[in-house]
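Colleague: This is the structure I want to talk about, given as structure tokens.
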Amino acid sequence: IEIPAQVSIVGFDDINFGTVSVPALTTIHVFKQEMGEVAVRRVLDHVRYSDSKIKMKIQVYTEFTERDSVRELL
């Protein structure tokens with residue numbers, strides 16, 4: 001299978017190996033520091049308001065880093 005001619009590959013978490021692989025891996029960069037801060041705040045809220053039945057959806061910002069493992073669409 002030829003990458004990206006036959007199939008495109010996208011990774012997640014922007015590990016360093018993605019920049020040195022051939023072809024270089026397109027990836028989704030996650031801001032781990034910010035995600036950790038949100039997680040800690042959520043845990044503390046859960047402890048403080050343990051009687052609450054409120055459900056929450058949390059979204060974190062990510063960044064698409066295009067490299068050579070995806071084919072350009074014309």
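To be explicit about the labels: the chains of the structure tokens are called A, B, and onward in the order shown, and within each one the residues are counted from 1, while ligands get numbers from 1 in the order they are shown.
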Residues near Glu66 of chain A, anyone? I mean within 12 Å using only C-alpha atoms, not counting same-chain ones fewer than 4 positions away, as a PDB file with N, CA and C atoms, in the first residue's frame.
Modeller:
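Everything below was put into part13.pdb:
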ATOM      1  N   SER A   8      -4.515   7.613   2.998  1.00  0.00           N
ATOM      2  CA  SER A   8      -3.967   8.674   3.849  1.00  0.00           C
ATOM      3  C   SER A   8      -3.988   8.192   5.295  1.00  0.00           C
ATOM      4  N   ILE A   9      -2.989   8.595   6.063  1.00  0.00           N
ATOM      5  CA  ILE A   9      -2.911   8.219   7.470  1.00  0.00           C
ATOM      6  C   ILE A   9      -2.759   9.479   8.312  1.00  0.00           C
ATOM      7  N   VAL A  10      -3.568   9.550   9.378  1.00  0.00           N
ATOM      8  CA  VAL A  10      -3.504  10.671  10.308  1.00  0.00           C
ATOM      9  C   VAL A  10      -3.333  10.096  11.705  1.00  0.00           C
ATOM     10  N   GLY A  11      -2.337  10.587  12.422  1.00  0.00           N
ATOM     11  CA  GLY A  11      -2.098  10.155  13.789  1.00  0.00           C
ATOM     12  C   GLY A  11      -2.781  11.089  14.768  1.00  0.00           C
ATOM     13  N   PHE A  12      -2.606  10.779  16.033  1.00  0.00           N
ATOM     14  CA  PHE A  12      -3.201  11.590  17.090  1.00  0.00           C
ATOM     15  C   PHE A  12      -2.156  11.765  18.178  1.00  0.00           C
ATOM     16  N   ASP A  14       0.520  13.945  18.105  1.00  0.00           N
ATOM     17  CA  ASP A  14       1.713  14.639  17.598  1.00  0.00           C
ATOM     18  C   ASP A  14       3.010  14.188  18.264  1.00  0.00           C
ATOM     19  N   GLY A  18       6.480  11.128  14.449  1.00  0.00           N
ATOM     20  CA  GLY A  18       5.745  11.555  13.261  1.00  0.00           C
ATOM     21  C   GLY A  18       6.525  12.475  12.354  1.00  0.00           C
ATOM     22  N   THR A  19       7.472  13.215  12.900  1.00  0.00           N
ATOM     23  CA  THR A  19       8.253  14.144  12.076  1.00  0.00           C
ATOM     24  C   THR A  19       9.407  13.454  11.373  1.00  0.00           C
ATOM     25  N   PRO A  23       6.556   8.418   4.960  1.00  0.00           N
ATOM     26  CA  PRO A  23       6.400   9.881   4.931  1.00  0.00           C
ATOM     27  C   PRO A  23       6.098  10.432   6.323  1.00  0.00           C
ATOM     28  N   ALA A  24       6.383  11.714   6.499  1.00  0.00           N
ATOM     29  CA  ALA A  24       6.102  12.362   7.784  1.00  0.00           C
ATOM     30  C   ALA A  24       4.606  12.263   8.077  1.00  0.00           C
ATOM     31  N   LEU A  25       4.273  11.952   9.328  1.00  0.00           N
ATOM     32  CA  LEU A  25       2.891  11.660   9.715  1.00  0.00           C
ATOM     33  C   LEU A  25       2.082  12.917   9.987  1.00  0.00           C
ATOM     34  N   THR A  26       0.981  13.060   9.278  1.00  0.00           N
ATOM     35  CA  THR A  26      -0.003  14.098   9.570  1.00  0.00           C
ATOM     36  C   THR A  26      -0.628  13.736  10.908  1.00  0.00           C
ATOM     37  N   THR A  27      -0.932  14.729  11.742  1.00  0.00           N
ATOM     38  CA  THR A  27      -1.383  14.414  13.093  1.00  0.00           C
ATOM     39  C   THR A  27      -2.331  15.463  13.648  1.00  0.00           C
ATOM     40  N   ILE A  28      -2.963  15.097  14.724  1.00  0.00           N
ATOM     41  CA  ILE A  28      -3.779  16.014  15.511  1.00  0.00           C
ATOM     42  C   ILE A  28      -2.977  16.322  16.774  1.00  0.00           C
ATOM     43  N   HIS A  29      -2.638  17.581  16.965  1.00  0.00           N
ATOM     44  CA  HIS A  29      -1.883  17.995  18.147  1.00  0.00           C
ATOM     45  C   HIS A  29      -2.872  18.305  19.264  1.00  0.00           C
ATOM     46  N   VAL A  70      -0.824  12.435   4.019  1.00  0.00           N
ATOM     47  CA  VAL A  70      -2.161  12.609   3.432  1.00  0.00           C
ATOM     48  C   VAL A  70      -2.021  13.161   2.017  1.00  0.00           C
ATOM     49  N   ARG A  71      -2.929  12.733   1.193  1.00  0.00           N
ATOM     50  CA  ARG A  71      -2.918  13.173  -0.202  1.00  0.00           C
ATOM     51  C   ARG A  71      -3.716  14.451  -0.342  1.00  0.00           C
ATOM     52  N   GLU A  72      -3.184  15.381  -1.105  1.00  0.00           N
ATOM     53  CA  GLU A  72      -3.924  16.627  -1.359  1.00  0.00           C
ATOM     54  C   GLU A  72      -5.066  16.353  -2.298  1.00  0.00           C
TER      55      GLU A  72
END
Colleague: List every residue of chain A that DSSP, applied to the backbone of this structure, assigns to strand (DSSP E or B), and report them as number ranges by chain.
Modeller: A: 10-12, 26-30, 62-65
Colleague: Could you tell me, as an mmCIF file with C-alpha atoms, in the first residue's frame, which residues of chain A DSSP assigns to helix (DSSP H, G or I) when given the backbone?
Modeller:
data_model
loop_
_atom_site.group_PDB
_atom_site.id
_atom_site.type_symbol
_atom_site.label_atom_id
_atom_site.label_comp_id
_atom_site.auth_asym_id
_atom_site.auth_seq_id
_atom_site.Cartn_x
_atom_site.Cartn_y
_atom_site.Cartn_z
ATOM 1 C CA PHE A 17 8.281 10.024 15.648
ATOM 2 C CA GLY A 18 5.745 11.555 13.261
ATOM 3 C CA THR A 19 8.253 14.144 12.076
ATOM 4 C CA VAL A 20 11.004 11.638 11.278
ATOM 5 C CA LYS A 32 -1.889 18.294 27.077
ATOM 6 C CA GLN A 33 -1.210 21.002 29.670
ATOM 7 C CA GLU A 34 -4.566 22.659 29.076
ATOM 8 C CA MET A 35 -6.356 19.302 28.951
ATOM 9 C CA GLY A 36 -4.793 18.360 32.293
ATOM 10 C CA GLU A 37 -5.874 21.656 33.856
ATOM 11 C CA VAL A 38 -9.461 21.107 32.699
ATOM 12 C CA ALA A 39 -9.405 17.546 34.046
ATOM 13 C CA VAL A 40 -8.172 18.666 37.475
ATOM 14 C CA ARG A 41 -10.832 21.392 37.665
ATOM 15 C CA ARG A 42 -13.487 18.823 36.735
ATOM 16 C CA VAL A 43 -12.319 16.383 39.432
ATOM 17 C CA LEU A 44 -12.337 19.143 42.055
ATOM 18 C CA ASP A 45 -15.841 20.206 41.003
ATOM 19 C CA HIS A 46 -16.978 16.598 41.204
ATOM 20 C CA VAL A 47 -15.644 16.341 44.784
ATOM 21 C CA ARG A 48 -17.116 19.700 45.844
#
Colleague: To one decimal in Å, tell me the separation between atom CA of Glu63 of chain A and atom CA of Gln6 of chain A.
Modeller: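 Spanning atom CA of Glu63 of chain A to atom CA of Gln6 of chain A is a straight-line distance of 24.6 Å.
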Colleague: Using Å and a single decimal, report how far atom CA of Asp13 of chain A sits from atom CA of Lys55 of chain A.
Modeller: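 The value is 26.4 Å.
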